[in-house]
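Quick look at structure_34.txt (compact mmCIF, C-alpha atoms):
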# COMPACT_ATOMS: atom_id res chain seq x y z
CA MET A 1 10.71 -12.29 -18.68
CA SER A 2 7.74 -11.10 -16.64
CA ARG A 3 6.02 -13.50 -14.27
CA SER A 4 2.27 -14.06 -14.56
CA THR A 5 -0.36 -14.27 -11.84
CA PRO A 6 -2.91 -17.11 -11.89
CA LEU A 7 -5.38 -14.63 -13.39
CA ARG A 8 -3.46 -13.69 -16.54
CA ASP A 9 -5.85 -15.52 -18.90
CA VAL A 10 -8.81 -13.81 -17.22
CA HIS A 11 -7.24 -10.38 -17.71
CA GLU A 12 -6.54 -11.12 -21.38
CA SER A 13 -10.12 -12.31 -21.91
CA LEU A 14 -11.36 -9.01 -20.49
CA GLY A 15 -9.22 -7.05 -22.94
CA ALA A 16 -6.87 -5.66 -20.30
CA THR A 17 -3.83 -3.65 -21.25
CA LEU A 18 -1.01 -5.64 -19.65
CA THR A 19 2.28 -4.12 -18.53
CA ASP A 20 5.40 -5.16 -16.67
CA PHE A 21 5.26 -4.07 -13.05
CA ALA A 22 8.01 -5.14 -10.63
CA GLY A 23 8.76 -8.14 -12.84
CA TRP A 24 5.10 -9.17 -13.14
CA LEU A 25 2.75 -8.92 -16.10
CA MET A 26 -0.17 -7.01 -14.61
CA PRO A 27 -3.37 -5.34 -15.88
CA LEU A 28 -2.84 -1.61 -16.25
CA ARG A 29 -6.45 -0.98 -17.19
CA TYR A 30 -9.39 -2.87 -18.69
CA GLY A 31 -10.96 0.10 -20.41
CA SER A 32 -11.45 3.57 -18.97
CA GLU A 33 -9.14 4.41 -16.05
CA SER A 34 -11.59 7.04 -14.81
CA ALA A 35 -14.50 4.56 -14.92
CA GLU A 36 -12.50 2.06 -12.86
CA HIS A 37 -11.48 4.76 -10.37
CA ASN A 38 -15.02 6.07 -10.01
CA ALA A 39 -16.42 2.55 -9.60
CA VAL A 40 -14.25 2.08 -6.51
CA ARG A 41 -15.30 5.43 -5.06
CA GLN A 42 -19.01 4.93 -5.80
CA ALA A 43 -19.59 1.14 -5.85
CA ALA A 44 -16.74 -1.39 -5.95
CA GLY A 45 -13.66 -2.47 -7.86
CA LEU A 46 -12.05 -5.89 -8.25
CA PHE A 47 -8.24 -6.04 -8.17
CA ASP A 48 -5.67 -8.76 -8.82
CA LEU A 49 -2.88 -8.25 -6.29
CA SER A 50 -1.33 -11.69 -6.64
CA HIS A 51 2.08 -10.16 -7.36
CA MET A 52 2.44 -9.24 -3.68
CA GLY A 53 4.69 -11.37 -1.47
CA GLU A 54 3.43 -13.55 1.40
CA ILE A 55 6.16 -14.56 3.85
CA PHE A 56 5.28 -16.67 6.90
CA LEU A 57 7.01 -16.87 10.27
CA THR A 58 6.01 -19.78 12.48
CA GLY A 59 7.31 -21.13 15.76
CA PRO A 60 7.64 -20.24 19.46
CA GLN A 61 9.76 -17.13 18.84
CA ALA A 62 8.15 -15.84 15.67
CA ALA A 63 6.87 -12.74 17.47
CA GLN A 64 10.26 -11.92 19.00
CA ALA A 65 11.95 -12.41 15.63
CA LEU A 66 9.61 -9.89 14.02
CA ASP A 67 10.16 -7.40 16.87
CA HIS A 68 13.88 -7.62 16.09
CA ALA A 69 13.53 -7.57 12.30
CA LEU A 70 10.95 -4.79 11.90
CA VAL A 71 10.36 -1.35 13.45
CA GLY A 72 6.94 -2.27 14.86
CA HIS A 73 5.93 -4.00 18.09
CA LEU A 74 4.51 -7.13 16.51
CA SER A 75 4.56 -9.30 19.64
CA ALA A 76 1.85 -7.00 21.02
CA LEU A 77 -0.42 -7.78 18.08
CA ALA A 78 -3.52 -9.79 19.01
CA ASN A 79 -4.50 -12.86 17.01
CA GLY A 80 -6.55 -11.86 14.00
CA ARG A 81 -5.15 -8.33 13.87
CA ALA A 82 -2.97 -6.69 11.22
CA ARG A 83 -0.49 -3.83 11.44
CA TYR A 84 1.24 -1.50 9.00
CA THR A 85 4.98 -1.45 9.61
CA MET A 86 8.36 -1.21 7.90
CA ILE A 87 11.64 -3.02 7.52
CA VAL A 88 14.70 -0.74 7.57
CA ASP A 89 18.44 -1.20 7.16
CA GLU A 90 21.08 -0.39 9.78
CA ARG A 91 21.07 3.25 8.63
CA GLY A 92 17.33 3.50 9.18
CA GLY A 93 16.56 3.58 5.46
CA VAL A 94 13.25 2.01 4.46
CA LEU A 95 13.67 -1.29 2.60
CA ASP A 96 9.91 -1.81 2.31
CA ASP A 97 6.61 -0.98 3.95
CA LEU A 98 4.66 -4.03 5.03
CA ILE A 99 1.45 -5.32 6.51
CA VAL A 100 1.86 -8.03 9.15
CA TYR A 101 -1.06 -10.31 10.06
CA ARG A 102 -1.01 -12.35 13.26
CA LEU A 103 -2.74 -15.59 12.34
CA GLY A 104 -2.13 -17.39 15.65
CA ASP A 105 0.02 -17.45 18.76
CA GLU A 106 2.98 -18.74 16.75
CA GLU A 107 2.12 -17.77 13.17
CA PHE A 108 2.47 -14.48 11.29
CA MET A 109 2.12 -13.51 7.63
CA VAL A 110 4.20 -10.62 6.29
CA VAL A 111 2.88 -9.07 3.08
CA ALA A 112 5.56 -7.30 1.05
CA ASN A 113 5.47 -5.19 -2.09
CA ALA A 114 6.16 -7.16 -5.26
CA SER A 115 9.31 -5.20 -6.09
CA ASN A 116 10.81 -6.01 -2.69
CA ALA A 117 9.35 -9.43 -1.83
CA ASP A 118 12.53 -11.44 -2.48
CA LYS A 119 14.67 -8.92 -0.60
CA VAL A 120 12.29 -8.88 2.37
CA ALA A 121 12.21 -12.67 2.52
CA ASP A 122 16.02 -12.83 2.47
CA GLU A 123 16.29 -10.18 5.19
CA LEU A 124 13.75 -11.92 7.41
CA ILE A 125 15.55 -15.25 7.04
CA ASP A 126 18.83 -13.62 8.01
CA ARG A 127 17.42 -11.57 10.90
CA ALA A 128 15.52 -14.52 12.37
CA LYS A 129 18.50 -16.88 12.56
CA ALA A 130 18.94 -16.43 16.31
CA TYR A 131 15.27 -17.18 17.04
CA ASP A 132 13.24 -20.39 17.26
CA THR A 133 11.14 -19.67 14.20
CA ARG A 134 10.82 -20.79 10.60
CA VAL A 135 10.70 -18.23 7.79
CA GLU A 136 9.07 -19.42 4.57
CA ASP A 137 8.25 -17.50 1.41
CA ARG A 138 4.89 -18.91 0.25
CA SER A 139 4.15 -16.24 -2.36
CA ASP A 140 3.81 -18.73 -5.22
CA ARG A 141 1.14 -20.67 -3.34
CA TYR A 142 -1.17 -17.68 -2.90
CA ALA A 143 -3.33 -15.41 -4.96
CA LEU A 144 -4.58 -12.11 -3.57
CA ILE A 145 -7.84 -10.59 -4.79
CA ALA A 146 -9.20 -7.33 -3.42
CA VAL A 147 -12.77 -6.02 -3.43
CA GLN A 148 -12.71 -2.30 -2.64
CA GLY A 149 -15.46 0.28 -2.41
CA PRO A 150 -18.57 1.28 -0.45
CA ARG A 151 -20.50 -1.78 -1.69
CA ALA A 152 -17.68 -4.27 -1.06
CA GLU A 153 -19.25 -5.73 2.09
CA GLU A 154 -22.63 -6.07 0.42
CA ILE A 155 -21.07 -7.96 -2.51
CA LEU A 156 -18.83 -10.23 -0.47
CA ALA A 157 -21.63 -11.09 1.96
CA THR A 158 -23.43 -12.96 -0.83
CA LEU A 159 -20.52 -15.42 -1.06
CA THR A 160 -19.57 -16.02 2.58
CA ASP A 161 -21.14 -16.61 5.96
CA ALA A 162 -18.19 -14.93 7.72
CA ASP A 163 -19.11 -12.08 10.08
CA LEU A 164 -18.09 -9.26 7.78
CA ALA A 165 -19.99 -6.63 9.73
CA GLY A 166 -18.02 -7.55 12.85
CA LEU A 167 -14.69 -7.52 11.03
CA LYS A 168 -12.96 -4.28 11.96
CA TYR A 169 -10.42 -2.35 9.89
CA TYR A 170 -7.00 -4.05 9.91
CA THR A 171 -8.34 -7.38 11.11
CA GLY A 172 -8.57 -10.71 9.34
CA LEU A 173 -10.28 -14.04 9.84
CA PRO A 174 -10.17 -17.44 8.18
CA GLY A 175 -13.33 -18.38 6.34
CA THR A 176 -14.72 -19.55 3.04
CA VAL A 177 -15.69 -17.43 0.05
CA ASP A 178 -17.73 -19.19 -2.62
CA GLY A 179 -16.85 -22.42 -0.82
CA ARG A 180 -13.10 -21.79 -1.03
CA LYS A 181 -10.80 -21.33 1.95
CA ALA A 182 -9.61 -17.76 2.36
CA LEU A 183 -8.07 -15.35 4.79
CA ILE A 184 -10.56 -12.49 4.70
CA ALA A 185 -8.85 -9.21 5.68
CA ARG A 186 -10.45 -5.80 6.01
CA THR A 187 -7.50 -3.97 4.51
CA GLY A 188 -6.80 -2.13 1.28
CA TYR A 189 -4.89 0.53 -0.63
CA THR A 190 -7.63 2.73 -2.05
CA GLY A 191 -8.93 4.88 0.79
CA GLU A 192 -12.24 3.00 0.67
CA ASP A 193 -13.73 0.23 2.77
CA GLY A 194 -12.99 -3.18 1.37
CA PHE A 195 -11.48 -6.61 1.71
CA GLU A 196 -8.38 -8.46 0.61
CA LEU A 197 -8.80 -12.20 0.06
CA PHE A 198 -5.79 -14.48 0.36
CA VAL A 199 -6.58 -17.77 -1.36
CA ALA A 200 -4.77 -20.76 -2.86
CA ALA A 201 -3.43 -19.93 -6.31
CA GLU A 202 -5.60 -22.59 -7.92
CA ASP A 203 -8.74 -20.96 -6.49
CA ALA A 204 -8.05 -17.53 -8.01
CA VAL A 205 -9.90 -17.95 -11.32
CA PRO A 206 -13.16 -19.43 -9.98
CA LEU A 207 -13.19 -16.91 -7.13
CA TRP A 208 -12.68 -14.00 -9.54
CA HIS A 209 -15.62 -15.19 -11.64
CA ALA A 210 -17.81 -15.65 -8.54
CA LEU A 211 -17.01 -12.15 -7.31
CA THR A 212 -17.63 -10.71 -10.78
CA ALA A 213 -21.07 -12.32 -10.93
CA ALA A 214 -21.95 -11.28 -7.38
CA GLY A 215 -20.81 -7.72 -7.99
CA GLU A 216 -22.41 -7.11 -11.36
CA PRO A 217 -25.78 -5.94 -9.95
CA HIS A 218 -23.92 -3.57 -7.61
CA GLY A 219 -21.72 -1.81 -10.18
CA LEU A 220 -18.49 -3.70 -9.53
CA LYS A 221 -15.81 -3.32 -12.22
CA PRO A 222 -12.42 -4.97 -12.66
CA ALA A 223 -9.75 -2.35 -11.90
CA GLY A 224 -6.11 -2.18 -12.91
CA LEU A 225 -2.88 -0.67 -11.65
CA SER A 226 -3.63 2.81 -13.05
CA SER A 227 -6.78 3.29 -10.98
CA ARG A 228 -5.13 1.68 -7.95
CA ASP A 229 -2.42 4.33 -8.19
CA THR A 230 -4.80 7.29 -8.48
CA LEU A 231 -6.96 5.93 -5.65
CA ARG A 232 -4.03 5.51 -3.25
CA LEU A 233 -2.71 8.95 -4.27
CA GLU A 234 -6.02 10.62 -3.39
CA ALA A 235 -5.90 8.76 -0.06
CA GLY A 236 -2.36 10.03 0.60
CA MET A 237 -0.92 6.51 0.83
CA PRO A 238 2.81 6.16 0.08
CA LEU A 239 4.18 4.01 -2.72
CA TYR A 240 7.56 2.38 -2.30
CA GLY A 241 9.98 3.79 -4.88
CA ASN A 242 8.12 7.11 -4.88
CA GLU A 243 7.44 8.35 -1.34
CA LEU A 244 9.57 5.67 0.34
CA SER A 245 13.10 4.43 -0.36
CA ALA A 246 16.27 3.20 1.31
CA GLU A 247 17.50 6.82 1.24
CA LEU A 248 14.63 7.91 3.50
CA THR A 249 13.80 6.99 7.09
CA PRO A 250 10.23 6.58 8.37
CA PHE A 251 10.66 10.00 10.03
CA ASP A 252 11.56 11.62 6.70
CA ALA A 253 8.31 10.28 5.28
CA GLY A 254 6.25 11.60 8.22
CA LEU A 255 5.62 8.03 9.36
CA GLY A 256 7.73 7.98 12.52
CA ARG A 257 4.67 6.75 14.41
CA VAL A 258 5.30 3.23 13.10
CA VAL A 259 8.67 3.06 14.88
CA LYS A 260 8.21 1.59 18.36
CA PHE A 261 11.19 2.32 20.62
CA ASP A 262 9.39 1.06 23.73
CA LYS A 263 9.20 -2.58 22.64
CA PRO A 264 11.45 -5.12 24.36
CA GLY A 265 14.89 -5.84 22.95
CA ASP A 266 16.88 -4.29 20.15
CA PHE A 267 15.82 -4.05 16.52
CA VAL A 268 17.63 -3.50 13.26
CA GLY A 269 18.12 0.22 12.62
CA ARG A 270 17.25 1.32 16.15
CA SER A 271 20.41 3.34 16.84
CA ALA A 272 20.19 5.22 13.57
CA LEU A 273 16.49 5.99 14.05
CA GLU A 274 16.95 7.13 17.65
CA ALA A 275 19.58 9.58 16.44
CA VAL A 276 17.14 11.29 14.06
CA LYS A 277 13.78 10.92 15.80
CA ASN A 278 13.91 14.44 17.27
CA VAL A 279 15.73 16.07 14.35
CA PRO A 280 13.42 18.02 12.04
CA PRO A 281 13.69 16.52 8.55
CA ARG A 282 15.10 18.68 5.77
CA ARG A 283 12.00 18.08 3.70
CA ARG A 284 8.38 17.23 4.49
CA LEU A 285 5.89 15.23 2.46
CA VAL A 286 2.94 17.41 1.47
CA GLY A 287 0.03 17.42 -0.93
CA LEU A 288 -0.10 19.72 -3.95
CA VAL A 289 -3.20 20.74 -5.89
CA ALA A 290 -2.58 22.30 -9.28
CA ARG A 291 -4.41 25.51 -10.16
CA GLY A 292 -4.24 24.72 -13.86
CA ARG A 293 -4.84 21.59 -15.92
CA ARG A 294 -1.26 20.36 -16.36
CA VAL A 295 -0.31 17.40 -14.19
CA PRO A 296 2.75 17.39 -11.89
CA ARG A 297 4.52 14.06 -12.37
CA HIS A 298 7.10 12.02 -10.48
CA GLY A 299 10.50 13.73 -10.49
CA TYR A 300 9.30 17.20 -11.48
CA PRO A 301 10.95 20.03 -9.46
CA VAL A 302 8.89 22.10 -7.02
CA THR A 303 9.97 25.74 -7.11
CA LYS A 304 9.52 29.02 -5.25
CA ASP A 305 10.54 32.27 -6.91
CA GLY A 306 12.43 30.22 -9.47
CA ALA A 307 14.50 28.24 -6.93
CA VAL A 308 14.05 24.50 -6.51
CA VAL A 309 12.60 23.73 -3.05
CA GLY A 310 11.32 20.21 -3.54
CA GLU A 311 10.43 17.34 -5.84
CA VAL A 312 7.20 15.63 -6.86
CA THR A 313 7.04 11.97 -5.85
CA SER A 314 3.63 11.04 -7.35
CA GLY A 315 1.13 12.96 -9.44
CA ALA A 316 -2.02 12.33 -11.46
CA PRO A 317 -5.37 13.86 -12.40
CA SER A 318 -7.79 13.40 -9.50
CA GLN A 319 -11.17 12.11 -10.63
CA THR A 320 -12.65 12.93 -7.23
CA LEU A 321 -11.33 16.49 -6.92
CA GLY A 322 -11.48 17.30 -10.62
CA LYS A 323 -7.96 18.74 -10.50
CA PRO A 324 -4.40 17.46 -10.90
CA ILE A 325 -2.86 16.47 -7.56
CA ALA A 326 0.55 15.36 -6.38
CA MET A 327 2.59 14.39 -3.37
CA ALA A 328 5.98 16.04 -3.01
CA TYR A 329 8.86 16.46 -0.62
CA VAL A 330 9.21 20.19 0.03
CA ASP A 331 11.86 21.97 2.07
CA THR A 332 10.78 22.33 5.70
CA GLY A 333 9.58 25.88 6.32
CA VAL A 334 8.46 26.51 2.75
CA ASP A 335 5.15 24.82 3.54
CA ALA A 336 4.62 26.76 6.77
CA GLY A 337 1.54 28.51 5.39
CA VAL A 338 -0.49 25.35 4.85
CA ASP A 339 -2.65 25.58 7.96
CA ALA A 340 -3.17 29.32 7.60
CA GLY A 341 -4.06 29.03 3.93
CA VAL A 342 -1.25 31.41 2.97
CA ASP A 343 -0.25 31.59 -0.69
CA GLU A 344 3.36 30.41 -0.60
CA GLY A 345 3.92 31.10 -4.28
CA LEU A 346 4.89 27.52 -5.04
CA ALA A 347 4.95 26.05 -8.53
CA VAL A 348 5.92 22.85 -10.28
CA ASP A 349 8.31 23.06 -13.21
CA ILE A 350 6.47 21.15 -15.93
CA ARG A 351 8.70 21.02 -18.99
CA GLY A 352 10.04 24.52 -18.40
CA ARG A 353 6.77 26.17 -17.41
CA GLN A 354 6.10 27.18 -13.81
CA GLU A 355 2.63 25.86 -13.00
CA PRO A 356 1.19 27.30 -9.73
CA VAL A 357 0.14 24.83 -7.03
CA ASP A 358 -1.47 25.06 -3.61
CA VAL A 359 -0.01 23.13 -0.67
CA VAL A 360 -2.56 21.08 1.28
CA GLU A 361 -2.45 18.60 4.14
CA LEU A 362 -2.71 14.94 3.23
CA PRO A 363 -4.82 13.03 2.42
CA PHE A 364 -6.67 14.68 -0.44
CA TYR A 365 -9.68 12.42 0.10
CA ARG A 366 -11.35 10.81 3.12
CA ARG A 367 -14.31 8.50 2.73
CA ASN A 368 -17.51 9.00 4.68
CA LYS A 369 -17.58 6.30 7.35

This structure in structure tokens:
Amino acid sequence: MSRSTPLRDVHESLGATLTDFAGWLMPLRYGSESAEHNAVRQAAGLFDLSHMGEIFLTGPQAAQALDHALVGHLSALANGRARYTMIVDERGGVLDDLIVYRLGDEEFMVVANASNADKVADELIDRAKAYDTRVEDRSDRYALIAVQGPRAEEILATLTDADLAGLKYYTGLPGTVDGRKALIARTGYTGEDGFELFVAAEDAVPLWHALTAAGEPHGLKPAGLSSRDTLRLEAGMPLYGNELSAELTPFDAGLGRVVKFDKPGDFVGRSALEAVKNVPPRRRLVGLVARGRRVPRHGYPVTKDGAVVGEVTSGAPSQTLGKPIAMAYVDTGVDAGVDAGVDEGLAVDIRGRQEPVDVVELPFYRRNK
């Protein structure tokens, strides 16, 4: 049976189409997916992300425990800063991609994907046993609401006296929003400016209504999982289970930069990752833009001259580009003509038809800063 976020009744009252996602009943859309997508690109969207996991590490050796457990150098993180990182297994395979917030000298919050939250919590508990730290999964205590889009700051500023203008990307600060305690983080998964608000579960409904009222004059719309997926795809952001998996290392995904070999001490997966860090991966993650109207979808083969040379990981119509787009792993060397604009003759096999595509560098979309 699917779990519900504190906002389920709100979603139902708004007429949302609800679906099971990673064991949670979540809003897929409230009406038009394209309207929700475009609202985020042009004004703002309101997302319920309360299915995400919040795992806390506290104590004198919390930082050292995270350095050991994850591939990033988290002890170097300043208070109030956040960092994108990963947890891998001994083979270097990605178990999840994470955002870690340093809340204080001895306190960190690890935000995990809903599908992996329990696994990440268990791994962190096990990997931190030798350190003077406490690992606690507090996911049920929190709701997470995101306001994303070019007018997000303008909307949120009407409900808080926090210094939003001084809050840089990938930073967070404690404050109040509509009189309710919140961790206000300038992070997101849409390619736009915006904020993620971590609040007590019981504050989710009144905060949602306050944000809805504040955002109405500015074009804010509630947005579901469908638009979140197309937004992150345009921004070239990976999704666990599509672009990332335990069968892939961070280097396979083109994200080797998150692996910090120069941090003190050993970390889980280090030996395996060191062995492959200078080995060119067999396949590279690239962007594909369809020349026609048919959409490349997850799992579809990428072909060249009839031979399979890759596989689509994510695909959807792009509202911003006006064309179908996809991310795919393509054999290294096949995509060599990207920078030169050479026609590599690539196609995606869509139900037996070879649909031509152009290979492009990721991301498909970058916002104007």

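Rounded to one decimal, atom CA of A:Gln64 and atom CA of A:Ala117 lie 21.0 Å from each other.
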
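Distance annotation: of A:Val88, A:Ile55, A:Val71, A:Ala65, the residue with the minimal separation from A:Lys263 is A:Val71; atom set is all atoms listed in the file.
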
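Each of A:Ala223, A:Val147, A:Ala326, A:Ile184 was checked against A:His37 using only C-alpha atoms; the smallest atom-to-atom distance is that of A:Ala223.
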
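Ranking A:Arg3, A:His209, A:Arg151, A:Arg284 by their shortest atom-to-atom distance to A:Val177, with all atoms listed in the file included, puts A:His209 first.
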
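Among the candidates A:Gln148, A:Glu90, A:Gln61, A:Tyr240, the residue lying nearest to A:Phe108 is A:Gln61 (atoms considered: all atoms listed in the file).
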
Checklist outcome for this item: Nearest to A:Glu247, restricted to all atoms listed in the file and choosing among A:Gly93, A:Gly31, A:Gly45, A:Gly15, comes out as A:Gly93

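Each of A:Thr133, A:Val40, A:Gly241, A:Pro281 was compared to A:Ala22 using only C-alpha atoms, and A:Gly241 turns out to be the nearest.
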
Next on the checklist: Residues within 6 Å of stretch 345-357 of chain A, please, as a ChimeraX atom specification. Count only C-alpha atoms; anything in the same chain fewer than 3 positions from it doesn't count.
Outcome noted: /A:288-291,301-304

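Computed from the coordinates, the atom CA of A:His298 to atom CA of A:Ser115 distance equals 17.9 Å.
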
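For the pair atom CA of A:Leu70 and atom CA of A:His51, the separation is 21.9 Å.
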
Item to check | Non-local contacts of A:Leu103 (9 Å; only C-alpha atoms; under 2 positions in same chain excluded) as a ChimeraX atom specification | outcome: /A:78-82,101,105-109,172-174

Listed atoms of stretch 201-209 of chain A boxed along x, y and z, 3 Å each side, centre and edge lengths in Å, one decimal, as lines of an AutoDock Vina configuration file:
center_x = -9.5
center_y = -18.3
center_z = -9.0
size_x = 18.2
size_y = 14.6
size_z = 11.3

Checklist entry - If we count all atoms listed in the file, what is near A:Ser226 at a cut-off of 8 Å, once residues fewer than 5 positions away on the same chain are taken out, given as a VMD selection string? => result chain A and resid 28 to 29 33

For A:Arg232, work out the shell of residues within 12 Å, counting only C-alpha atoms and skipping chain neighbours fewer than 3 positions away, then give it as an mmCIF file with C-alpha atoms, in the frame of the given file.
data_model
loop_
_atom_site.group_PDB
_atom_site.id
_atom_site.type_symbol
_atom_site.label_atom_id
_atom_site.label_comp_id
_atom_site.auth_asym_id
_atom_site.auth_seq_id
_atom_site.Cartn_x
_atom_site.Cartn_y
_atom_site.Cartn_z
ATOM 1 C CA HIS A 37 -11.480 4.760 -10.370
ATOM 2 C CA VAL A 40 -14.250 2.080 -6.510
ATOM 3 C CA ARG A 41 -15.300 5.430 -5.060
ATOM 4 C CA GLN A 148 -12.710 -2.300 -2.640
ATOM 5 C CA GLY A 188 -6.800 -2.130 1.280
ATOM 6 C CA TYR A 189 -4.890 0.530 -0.630
ATOM 7 C CA THR A 190 -7.630 2.730 -2.050
ATOM 8 C CA GLY A 191 -8.930 4.880 0.790
ATOM 9 C CA GLU A 192 -12.240 3.000 0.670
ATOM 10 C CA LEU A 225 -2.880 -0.670 -11.650
ATOM 11 C CA SER A 226 -3.630 2.810 -13.050
ATOM 12 C CA SER A 227 -6.780 3.290 -10.980
ATOM 13 C CA ARG A 228 -5.130 1.680 -7.950
ATOM 14 C CA ASP A 229 -2.420 4.330 -8.190
ATOM 15 C CA ALA A 235 -5.900 8.760 -0.060
ATOM 16 C CA GLY A 236 -2.360 10.030 0.600
ATOM 17 C CA MET A 237 -0.920 6.510 0.830
ATOM 18 C CA PRO A 238 2.810 6.160 0.080
ATOM 19 C CA LEU A 239 4.180 4.010 -2.720
ATOM 20 C CA GLU A 243 7.440 8.350 -1.340
ATOM 21 C CA SER A 314 3.630 11.040 -7.350
ATOM 22 C CA GLY A 315 1.130 12.960 -9.440
ATOM 23 C CA ALA A 316 -2.020 12.330 -11.460
ATOM 24 C CA SER A 318 -7.790 13.400 -9.500
ATOM 25 C CA ILE A 325 -2.860 16.470 -7.560
ATOM 26 C CA ALA A 326 0.550 15.360 -6.380
ATOM 27 C CA MET A 327 2.590 14.390 -3.370
ATOM 28 C CA LEU A 362 -2.710 14.940 3.230
ATOM 29 C CA PRO A 363 -4.820 13.030 2.420
ATOM 30 C CA PHE A 364 -6.670 14.680 -0.440
ATOM 31 C CA TYR A 365 -9.680 12.420 0.100
ATOM 32 C CA ARG A 366 -11.350 10.810 3.120
#

Item to check | Residues within 10 Å of (9.7, -0.3, 20.6), counting only C-alpha atoms, listed as number ranges by chain | outcome: A: 67-68, 70-74, 258-267, 270

Take the residues from that selection and write them out as a PDB file, in the coordinates of the input, keeping C-alpha atoms.
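Contents of result_11.pdb, freshly written:
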ATOM      1  CA  ASP A  67      10.160  -7.400  16.870  1.00  0.00           C
ATOM      2  CA  HIS A  68      13.880  -7.620  16.090  1.00  0.00           C
ATOM      3  CA  LEU A  70      10.950  -4.790  11.900  1.00  0.00           C
ATOM      4  CA  VAL A  71      10.360  -1.350  13.450  1.00  0.00           C
ATOM      5  CA  GLY A  72       6.940  -2.270  14.860  1.00  0.00           C
ATOM      6  CA  HIS A  73       5.930  -4.000  18.090  1.00  0.00           C
ATOM      7  CA  LEU A  74       4.510  -7.130  16.510  1.00  0.00           C
ATOM      8  CA  VAL A 258       5.300   3.230  13.100  1.00  0.00           C
ATOM      9  CA  VAL A 259       8.670   3.060  14.880  1.00  0.00           C
ATOM     10  CA  LYS A 260       8.210   1.590  18.360  1.00  0.00           C
ATOM     11  CA  PHE A 261      11.190   2.320  20.620  1.00  0.00           C
ATOM     12  CA  ASP A 262       9.390   1.060  23.730  1.00  0.00           C
ATOM     13  CA  LYS A 263       9.200  -2.580  22.640  1.00  0.00           C
ATOM     14  CA  PRO A 264      11.450  -5.120  24.360  1.00  0.00           C
ATOM     15  CA  GLY A 265      14.890  -5.840  22.950  1.00  0.00           C
ATOM     16  CA  ASP A 266      16.880  -4.290  20.150  1.00  0.00           C
ATOM     17  CA  PHE A 267      15.820  -4.050  16.520  1.00  0.00           C
ATOM     18  CA  ARG A 270      17.250   1.320  16.150  1.00  0.00           C
TER      19      ARG A 270
END
